[in-house]
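Asker: Before I ask anything, here is the structure I am working with.
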Amino acid sequence: MGSGPSLLHREDIHVVIVGGGYAGIQLAKSLKNKARFTLIDPKEMLYHNVGAVRSCTEPGFVKKIMIPYAPTFGENFKQGTVTAINAAEKTVLLSSGETVKYSHLVLATGSTGHFPWSLPDGMTTAAAVVEKSEEVLKQVTLIHNRKILVDGESSDAFQKRLKEILEMLGVKLVLGERVTNLAELPTNRVETATVMTDKGTEISADLVIPCTGLKVNSMAYKDSLAFSMEDNGSLKVNNFFEVQETEGIYAIGDCTNIPETKMTYRAGMHAELLAKNILAQETGGIKKEYKPDPFIMTLSLGRKAGMGQKGSSLLPEFMVRMLKSRDMMAWKVWRDMGQSAPS
């Protein structure tokens, strides 16, 4: 955040960040050398899930999407799982039985879902992720229950070009059909199975990976803050990220009910603004409201292809190839964490 107000001299200020995803690490970086904070996450490393699919199709790539927290945050990182929040005492409880006191609590728990998009509970080490990823190197058939891929905010031109590139890459598209036997299929492991759709299509597969969307990860707060949750588990926040009916508790990233498409860059924007607002609030400054920005998305289609959209306009494909397709922007995450990526 550069120069500006500092709260390091304030012993009464301790920002506890629950969740080390994109929003959590950005907030921690923004507070570094500005305020006392603790980042808590069950894993020993950031799992850069933007590159998750490539880790299952390109041998060795998985090591590039796991960035350890400790070298970046040192003693400000605590590996553990938050199981409860005591708003009256201003403490969080870890599964180990340890309690951590806070002045400001920020929930950045993100989303949860199927591997490889999300890591299963208990998969907290880089070694375990490497072993799992190397089990599932395969080619792809894509089944989707709508004719529109990726996001409803994308334009017709985006959709047309996306399908052209996927077909050129040899990806088989089965669109407008819903898988009817997903609950009975073996998922995320190599095992021969037959995928069936509501249109009668049958597809033989030796690996099925559900990509039906992510769910809000509410495990840390579902019991303690049930009164501030939407039905889908997200937290009700105002334009300052303050959780409804609480004091000193905030939420950023995917676990909020902000009406916008959940994107990595937006999680980062939440974190940067919240860090500035906490500093402003404690030093007599003026807080700023969050205002969602225009839609922007980039999509990698292998190492040699990519496309994107900003507002209603398509981005130059060569730009997306250079920025994202080469290594799914893993280079940027390693750089932002102040570490060197593995070769």
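Quick note on naming: the chains in the structure tokens go A, B, ... in the order shown, residues restart at 1 in each chain, and ligands are numbered from 1 in order of appearance.
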Would you please give, as JSON, numbers by chain, all residues of range 87-314 of chain A that DSSP assigns to alpha helix (DSSP H) based on the backbone?
Answerer: {"A": [126, 127, 128, 129, 130, 131, 132, 133, 156, 157, 158, 159, 160, 161, 162, 163, 164, 165, 166, 167, 168, 264, 265, 266, 267, 268, 269, 270, 271, 272, 273, 274, 275, 276, 277, 278, 279, 280, 281, 282, 283]}
Asker: Kindly export the residues of the current selection with C-alpha atoms, as a PDB file, in the first residue's frame.
Answerer:
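File written: selection_6.pdb
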ATOM      1  CA  ALA A 126       1.801 -29.588  -0.954  1.00  0.00           C
ATOM      2  CA  ALA A 127       2.918 -33.223  -1.047  1.00  0.00           C
ATOM      3  CA  ALA A 128      -0.670 -34.476  -0.802  1.00  0.00           C
ATOM      4  CA  VAL A 129      -1.842 -32.172  -3.605  1.00  0.00           C
ATOM      5  CA  VAL A 130       1.000 -33.284  -5.904  1.00  0.00           C
ATOM      6  CA  GLU A 131       0.108 -36.927  -5.370  1.00  0.00           C
ATOM      7  CA  LYS A 132      -3.593 -36.314  -6.088  1.00  0.00           C
ATOM      8  CA  SER A 133      -3.001 -34.181  -9.207  1.00  0.00           C
ATOM      9  CA  ASP A 156     -22.355 -13.540 -28.118  1.00  0.00           C
ATOM     10  CA  ALA A 157     -19.038 -12.814 -29.827  1.00  0.00           C
ATOM     11  CA  PHE A 158     -17.178 -14.228 -26.816  1.00  0.00           C
ATOM     12  CA  GLN A 159     -19.295 -17.380 -26.871  1.00  0.00           C
ATOM     13  CA  LYS A 160     -18.823 -17.928 -30.591  1.00  0.00           C
ATOM     14  CA  ARG A 161     -15.050 -17.542 -30.474  1.00  0.00           C
ATOM     15  CA  LEU A 162     -14.718 -19.661 -27.327  1.00  0.00           C
ATOM     16  CA  LYS A 163     -16.499 -22.606 -28.914  1.00  0.00           C
ATOM     17  CA  GLU A 164     -14.390 -22.276 -32.060  1.00  0.00           C
ATOM     18  CA  ILE A 165     -11.155 -22.479 -30.081  1.00  0.00           C
ATOM     19  CA  LEU A 166     -12.316 -25.415 -27.953  1.00  0.00           C
ATOM     20  CA  GLU A 167     -13.282 -27.374 -31.063  1.00  0.00           C
ATOM     21  CA  MET A 168      -9.923 -26.584 -32.680  1.00  0.00           C
ATOM     22  CA  THR A 264     -10.078 -13.381  -8.275  1.00  0.00           C
ATOM     23  CA  TYR A 265      -9.349  -9.768  -9.124  1.00  0.00           C
ATOM     24  CA  ARG A 266     -12.507  -8.602  -7.362  1.00  0.00           C
ATOM     25  CA  ALA A 267     -11.483 -10.455  -4.200  1.00  0.00           C
ATOM     26  CA  GLY A 268      -8.215  -8.524  -4.351  1.00  0.00           C
ATOM     27  CA  MET A 269     -10.074  -5.245  -4.776  1.00  0.00           C
ATOM     28  CA  HIS A 270     -12.199  -6.043  -1.710  1.00  0.00           C
ATOM     29  CA  ALA A 271      -9.056  -6.695   0.333  1.00  0.00           C
ATOM     30  CA  GLU A 272      -7.178  -3.573  -0.747  1.00  0.00           C
ATOM     31  CA  LEU A 273     -10.132  -1.302   0.000  1.00  0.00           C
ATOM     32  CA  LEU A 274     -10.859  -2.925   3.352  1.00  0.00           C
ATOM     33  CA  ALA A 275      -7.226  -2.525   4.432  1.00  0.00           C
ATOM     34  CA  LYS A 276      -7.380   1.178   3.573  1.00  0.00           C
ATOM     35  CA  ASN A 277     -10.678   1.561   5.395  1.00  0.00           C
ATOM     36  CA  ILE A 278      -9.410  -0.111   8.574  1.00  0.00           C
ATOM     37  CA  LEU A 279      -6.393   2.181   8.604  1.00  0.00           C
ATOM     38  CA  ALA A 280      -8.590   5.223   7.896  1.00  0.00           C
ATOM     39  CA  GLN A 281     -11.105   4.276  10.566  1.00  0.00           C
ATOM     40  CA  GLU A 282      -8.418   3.970  13.226  1.00  0.00           C
ATOM     41  CA  THR A 283      -6.535   7.153  12.266  1.00  0.00           C
TER      42      THR A 283
END
Asker: Leaving out Met319 in chain A and any residue of its chain fewer than 2 positions from it, which residues lie within 12 Å of it when counting only C-alpha atoms, given as a PyMOL selection string?
Answerer: chain A and resi 298-300+304-309+314-317+321-326
Asker: Looking at A:Leu119, A:Ala205, A:Ala23, A:Ile296, which one is nearest to Thr187 in chain A, with distances taken over only C-alpha atoms?
Answerer: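 The answer is A:Ala205, which sits nearest to Thr187 in chain A.
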Asker: If you take only C-alpha atoms and a cut-off of 10 Å, which residues of range 39-158 of chain A touch range 227-247 of chain A, and what are their nearest atom pairs and distances in Å to one decimal, in chain and number order, as a Markdown table?
Answerer:
| residue | atom | partner | partner_atom | distance |
| --- | --- | --- | --- | --- |
| A:Ala87 | CA | A:Thr246 | CA | 7.7 |
| A:Ala88 | CA | A:Glu247 | CA | 9.4 |
| A:Lys90 | CA | A:Glu247 | CA | 9.5 |
| A:Ser103 | CA | A:Glu247 | CA | 9.7 |
| A:His104 | CA | A:Glu247 | CA | 8.6 |
| A:Leu105 | CA | A:Glu247 | CA | 9.2 |
| A:Val106 | CA | A:Glu242 | CA | 9.0 |
| A:Leu107 | CA | A:Leu235 | CA | 9.1 |
| A:Thr109 | CA | A:Ser234 | CA | 9.9 |
| A:Gly110 | CA | A:Ser234 | CA | 9.4 |
| A:Ser111 | CA | A:Ser234 | CA | 9.5 |
Asker: Save out the residues we just selected, N, CA and C atoms, as a PDB file, in the first residue's frame.
Answerer:
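And here's again-v5.pdb as it stands now:
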ATOM      1  N   ALA A  87     -18.209 -13.422  19.319  1.00  0.00           N
ATOM      2  CA  ALA A  87     -18.246 -11.991  19.026  1.00  0.00           C
ATOM      3  C   ALA A  87     -18.192 -11.146  20.294  1.00  0.00           C
ATOM      4  N   ALA A  88     -18.742 -11.660  21.387  1.00  0.00           N
ATOM      5  CA  ALA A  88     -18.746 -10.906  22.639  1.00  0.00           C
ATOM      6  C   ALA A  88     -17.338 -10.773  23.207  1.00  0.00           C
ATOM      7  N   LYS A  90     -14.642 -11.309  21.363  1.00  0.00           N
ATOM      8  CA  LYS A  90     -13.772 -10.983  20.231  1.00  0.00           C
ATOM      9  C   LYS A  90     -12.619 -11.981  20.108  1.00  0.00           C
ATOM     10  N   SER A 103      -9.202  -7.503  17.259  1.00  0.00           N
ATOM     11  CA  SER A 103      -9.916  -6.228  17.342  1.00  0.00           C
ATOM     12  C   SER A 103     -10.797  -6.069  16.110  1.00  0.00           C
ATOM     13  N   HIS A 104     -10.284  -6.593  14.983  1.00  0.00           N
ATOM     14  CA  HIS A 104     -11.012  -6.615  13.717  1.00  0.00           C
ATOM     15  C   HIS A 104     -10.928  -8.042  13.170  1.00  0.00           C
ATOM     16  N   LEU A 105     -12.063  -8.628  12.860  1.00  0.00           N
ATOM     17  CA  LEU A 105     -12.095  -9.979  12.296  1.00  0.00           C
ATOM     18  C   LEU A 105     -12.558  -9.899  10.854  1.00  0.00           C
ATOM     19  N   VAL A 106     -11.769 -10.483   9.949  1.00  0.00           N
ATOM     20  CA  VAL A 106     -12.120 -10.479   8.525  1.00  0.00           C
ATOM     21  C   VAL A 106     -12.281 -11.917   8.055  1.00  0.00           C
ATOM     22  N   LEU A 107     -13.472 -12.235   7.592  1.00  0.00           N
ATOM     23  CA  LEU A 107     -13.761 -13.574   7.081  1.00  0.00           C
ATOM     24  C   LEU A 107     -13.547 -13.574   5.573  1.00  0.00           C
ATOM     25  N   THR A 109     -13.182 -16.680   3.730  1.00  0.00           N
ATOM     26  CA  THR A 109     -13.145 -18.142   3.646  1.00  0.00           C
ATOM     27  C   THR A 109     -13.376 -18.680   2.243  1.00  0.00           C
ATOM     28  N   GLY A 110     -13.823 -17.818   1.328  1.00  0.00           N
ATOM     29  CA  GLY A 110     -13.933 -18.222  -0.067  1.00  0.00           C
ATOM     30  C   GLY A 110     -15.006 -19.247  -0.333  1.00  0.00           C
ATOM     31  N   SER A 111     -14.718 -20.126  -1.292  1.00  0.00           N
ATOM     32  CA  SER A 111     -15.676 -21.143  -1.727  1.00  0.00           C
ATOM     33  C   SER A 111     -15.074 -22.524  -1.560  1.00  0.00           C
TER      34      SER A 111
END
Asker: List the neighbours of range 8-18 of chain A out to 9 Å using only C-alpha atoms; skip same-chain residues closer than 6 positions along the sequence, and give me the result as a list in words.
Answerer: Gly24, Ile25, Leu27, Ala28, Leu31, Asn33, Lys34, Ala35, Arg36, Phe37, Thr38, Leu39, Ile40, Asp41, Thr81, Val82, Val92, Val100, Lys101, Tyr102, Ser103, His104, Leu105, Val106, Leu107, Ala108, Thr109, Ala220 and Glu282 of chain A
Asker: Which one is closest to Lys32 in chain A: A:Ala70, A:Met196, A:Leu7, A:Ala341? Count only C-alpha atoms.
Answerer: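 Looking only at the distances to Lys32 in chain A, the closest residue turns out to be A:Leu7.
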Asker: Would you mind listing what lies within 12 Å of range 96-98 of chain A as a list in words, with only C-alpha atoms counted and same-chain residues fewer than 4 positions away left out?
Answerer: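 Using only C-alpha atoms, the neighbours found are Pro42, Lys78, Gln79, Gly80, Thr81, Val82, Thr83, Ala84, Thr91 and Val92 of chain A.
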Asker: Go through A:Tyr290, A:Pro68, A:Val62, A:Tyr47 and flag the residue nearest Ser340 in chain A, using only C-alpha atoms for the distances.
Answerer: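 Comparing A:Tyr290, A:Pro68, A:Val62, A:Tyr47 against Ser340 in chain A, the winner is A:Pro68.
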Asker: Would you compute the distance between CA of Gly122 in chain A and CA of Leu46 in chain A? Give it in Å to one decimal.
Answerer: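 Between these atoms lies a distance of 14.6 Å.
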Asker: List every residue of range 107-323 of chain A that DSSP, applied to the backbone of this structure, places in strand (DSSP E or B), and write the result as an MDAnalysis selection string.
Answerer: chainID A and resid 107 111:112 141:144 172:175 179 193:197 202:205 215:216 229 235 237 242:243 249:251 256 296:300 306:310 313:315
Asker: Skipping near chain neighbours, those fewer than 3 positions away, what residues fall within 10 Å of Ile143 in chain A using only C-alpha atoms, listed as a short mmCIF file (atom, residue, chain, number, x, y, z; two decimals) with C-alpha atoms, in the first residue's frame?
Answerer:
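Wrote around-v4.cif, looks like this:
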data_model
loop_
_atom_site.label_atom_id
_atom_site.label_comp_id
_atom_site.auth_asym_id
_atom_site.auth_seq_id
_atom_site.Cartn_x
_atom_site.Cartn_y
_atom_site.Cartn_z
CA VAL A 140 -11.43 -33.71 -21.84
CA ARG A 146 -26.72 -24.69 -20.99
CA LYS A 172 -15.73 -32.49 -27.43
CA LEU A 173 -18.62 -30.21 -26.42
CA VAL A 174 -21.93 -31.64 -25.22
CA LEU A 175 -24.08 -28.56 -24.57
CA GLY A 176 -27.68 -28.17 -23.48
CA GLU A 177 -27.63 -31.54 -21.73
CA ARG A 178 -27.64 -32.36 -18.03
CA VAL A 179 -25.84 -35.33 -16.48
CA VAL A 195 -21.89 -40.74 -18.10
CA THR A 197 -27.49 -37.21 -19.91
CA ILE A 203 -20.27 -41.12 -22.87
CA PRO A 210 -17.56 -32.40 -11.47
CA CYS A 211 -17.32 -28.71 -12.40
#
Asker: Please identify all polymer residues within 9 Å of Ala52 in chain A, counting only C-alpha atoms, omitting same-chain residues fewer than 4 positions from it, and present them as a ChimeraX atom specification.
Answerer: /A:47-48,56,62,65,115-118,133
Asker: Could the residues in this selection be saved with N, CA, C and O atoms as an mmCIF file, in the first residue's frame?
Answerer:
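Contents of the output file part_1.cif:
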data_model
loop_
_atom_site.group_PDB
_atom_site.id
_atom_site.type_symbol
_atom_site.label_atom_id
_atom_site.label_comp_id
_atom_site.auth_asym_id
_atom_site.auth_seq_id
_atom_site.Cartn_x
_atom_site.Cartn_y
_atom_site.Cartn_z
ATOM 1 N N TYR A 47 -3.335 -22.248 -2.567
ATOM 2 C CA TYR A 47 -3.607 -23.109 -3.726
ATOM 3 C C TYR A 47 -4.182 -22.220 -4.822
ATOM 4 O O TYR A 47 -5.318 -21.772 -4.743
ATOM 5 N N HIS A 48 -3.366 -21.949 -5.838
ATOM 6 C CA HIS A 48 -3.744 -21.048 -6.931
ATOM 7 C C HIS A 48 -4.671 -21.800 -7.884
ATOM 8 O O HIS A 48 -4.256 -22.323 -8.916
ATOM 9 N N CYS A 56 -3.859 -30.833 -13.761
ATOM 10 C CA CYS A 56 -4.336 -32.198 -14.008
ATOM 11 C C CYS A 56 -4.142 -32.619 -15.464
ATOM 12 O O CYS A 56 -4.555 -33.726 -15.855
ATOM 13 N N VAL A 62 1.517 -28.717 -11.200
ATOM 14 C CA VAL A 62 0.888 -28.505 -9.894
ATOM 15 C C VAL A 62 1.832 -27.814 -8.912
ATOM 16 O O VAL A 62 1.393 -27.041 -8.049
ATOM 17 N N ILE A 65 1.519 -24.003 -8.668
ATOM 18 C CA ILE A 65 0.304 -23.335 -8.194
ATOM 19 C C ILE A 65 0.128 -23.467 -6.684
ATOM 20 O O ILE A 65 -0.954 -23.238 -6.162
ATOM 21 N N PHE A 115 -12.522 -31.311 -6.205
ATOM 22 C CA PHE A 115 -11.165 -31.279 -6.721
ATOM 23 C C PHE A 115 -11.243 -31.372 -8.251
ATOM 24 O O PHE A 115 -12.076 -32.091 -8.769
ATOM 25 N N PRO A 116 -10.428 -30.634 -9.021
ATOM 26 C CA PRO A 116 -9.254 -29.876 -8.598
ATOM 27 C C PRO A 116 -9.518 -28.411 -8.249
ATOM 28 O O PRO A 116 -8.589 -27.717 -7.848
ATOM 29 N N TRP A 117 -10.771 -27.934 -8.418
ATOM 30 C CA TRP A 117 -11.047 -26.526 -8.133
ATOM 31 C C TRP A 117 -10.804 -26.183 -6.678
ATOM 32 O O TRP A 117 -10.362 -25.076 -6.349
ATOM 33 N N SER A 118 -11.111 -27.122 -5.807
ATOM 34 C CA SER A 118 -10.978 -26.898 -4.375
ATOM 35 C C SER A 118 -10.345 -28.141 -3.768
ATOM 36 O O SER A 118 -10.535 -29.258 -4.269
ATOM 37 N N SER A 133 -2.951 -34.751 -7.858
ATOM 38 C CA SER A 133 -3.001 -34.181 -9.207
ATOM 39 C C SER A 133 -2.403 -35.115 -10.242
ATOM 40 O O SER A 133 -2.901 -35.207 -11.367
#
Asker: Counting only C-alpha atoms, figure out which residue out of A:Leu142, A:Arg335, A:Met219, A:Met329 gets nearest to Val50 in chain A.
Answerer: A:Met329
Asker: Figure out the distance between CA of Asn188 in chain A and CA of Lys332 in chain A, please, to one decimal in Å.
Answerer: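 CA of Asn188 in chain A lies at a distance of 28.1 Å from CA of Lys332 in chain A.
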